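Data block below; observations after.
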Amino acid sequence: MAKPVDRLIGLVARLRSPRGCPWDRKQTHISLIRFLREETRELEEALRRGQGHEIEDELGDLLLQVLLHARIAEEKGLFDIQDVAGSQYRKLVRRHPHVFGRRKLRTAGAVLASWAEIKRKERSQRRRDVQRRPLLSRRRAA
């Protein structure tokens with residue numbers, strides 16, 4: 001039997017399919033922004049109240065938003081939820097050299113400083129990569 005997350009991914013695909021839900025099919029990245037914000041606020045409130053069942057429910061609502069955005073991107077041929085998970089996995093490994101590499105960081109403050117430095121270098125590299133791309137490719141990526 002499929003795992004719950006796989007079943008949910010399939011359910012979102014079905015909702016967005018031609019025989020799915022008209023409302024879900026109509027949604028775009030932009031139209032879903034307000035729901036993403038709303039679900040994020042509701043999760044924050046649940047976390048502050050500390051109610052486990054409520055946190056679980058709100059995390060599910062936020063997960064649905066992530067899956068909807070990933071599905072919309074998949075339909076456009078951009079990426080899918082597996083790509084999102086893979087990208088996040090690689091980012092976490094890259095930004096935790098004190099766990100997955102030889103670097104030694106002993107305090108939370110040192111970890112935050114390291115994280116900020118790694119993030120700064122990643123942004124700088126992305127800017128250089130964009131500048132190296134031919135103009136036609138940049139127009140398509142936009």
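Following the order of the structure tokens, first chain is A, next is B, and so on, with residues numbered from 1 inside each chain and ligands from 1 in the order they appear.
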
I need the residues of region 5-141 of chain A that end up classed as alpha helix (DSSP H) by DSSP on the backbone, written out as an NGL selection string. :A and (5-16 or 22-26 or 33-49 or 52-75 or 81-94 or 97-100 or 108-132 or 135-141)

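Residues surrounding Glu74 (chain A) within 12 Å are Ile9, Val12, Ala13, Arg16, His29, Leu67, Leu68, His69, Ala70, Arg71, Ile72, Lys76, Gly77, Leu78, Phe79, Asp80, Ile81, Gln82, Asp83 and Val84 of chain A [only C-alpha atoms; sequence separation below 2 positions excluded].
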
In Å to one decimal, how far is CA of Ala85 (chain A) from CA of Gly20 (chain A)? 25.2 Å

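Nearest-residue note for Glu44 (chain A): choosing from A:Val99, A:Ile30, A:Leu105, A:Leu62, the minimum distance belongs to A:Leu62, counting only C-alpha atoms.
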
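In this model, the gap between CA of Lys26 (chain A) and CA of Arg14 (chain A) comes to 13.3 Å.
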
Non-local contacts of Glu39 (chain A) (9 Å; only C-alpha atoms; under 5 positions in same chain excluded) as an MDAnalysis selection string: chainID A and resid 34 44 58:59 61:62 65

Writing out the chosen residues with N, CA and C atoms as a PDB file, in the first residue's frame:
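Once written, out_28.pdb looks like this:
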ATOM      1  N   ARG A  34      -2.422  33.882  -1.572  1.00  0.00           N
ATOM      2  CA  ARG A  34      -3.198  34.264  -0.379  1.00  0.00           C
ATOM      3  C   ARG A  34      -3.463  33.067   0.530  1.00  0.00           C
ATOM      4  N   GLU A  44       1.390  29.143  12.372  1.00  0.00           N
ATOM      5  CA  GLU A  44       2.078  29.909  13.405  1.00  0.00           C
ATOM      6  C   GLU A  44       1.226  29.998  14.673  1.00  0.00           C
ATOM      7  N   GLU A  58      -2.570  21.853  10.715  1.00  0.00           N
ATOM      8  CA  GLU A  58      -2.077  23.036   9.986  1.00  0.00           C
ATOM      9  C   GLU A  58      -0.847  22.710   9.147  1.00  0.00           C
ATOM     10  N   LEU A  59       0.000  21.807   9.630  1.00  0.00           N
ATOM     11  CA  LEU A  59       1.131  21.360   8.803  1.00  0.00           C
ATOM     12  C   LEU A  59       0.610  20.689   7.536  1.00  0.00           C
ATOM     13  N   ASP A  61      -2.214  21.364   6.017  1.00  0.00           N
ATOM     14  CA  ASP A  61      -2.722  22.419   5.135  1.00  0.00           C
ATOM     15  C   ASP A  61      -1.575  23.108   4.400  1.00  0.00           C
ATOM     16  N   LEU A  62      -0.474  23.334   5.092  1.00  0.00           N
ATOM     17  CA  LEU A  62       0.690  23.964   4.464  1.00  0.00           C
ATOM     18  C   LEU A  62       1.326  23.005   3.451  1.00  0.00           C
ATOM     19  N   GLN A  65      -0.404  23.166   0.210  1.00  0.00           N
ATOM     20  CA  GLN A  65       0.012  24.317  -0.595  1.00  0.00           C
ATOM     21  C   GLN A  65       1.300  24.016  -1.350  1.00  0.00           C
TER      22      GLN A  65
END
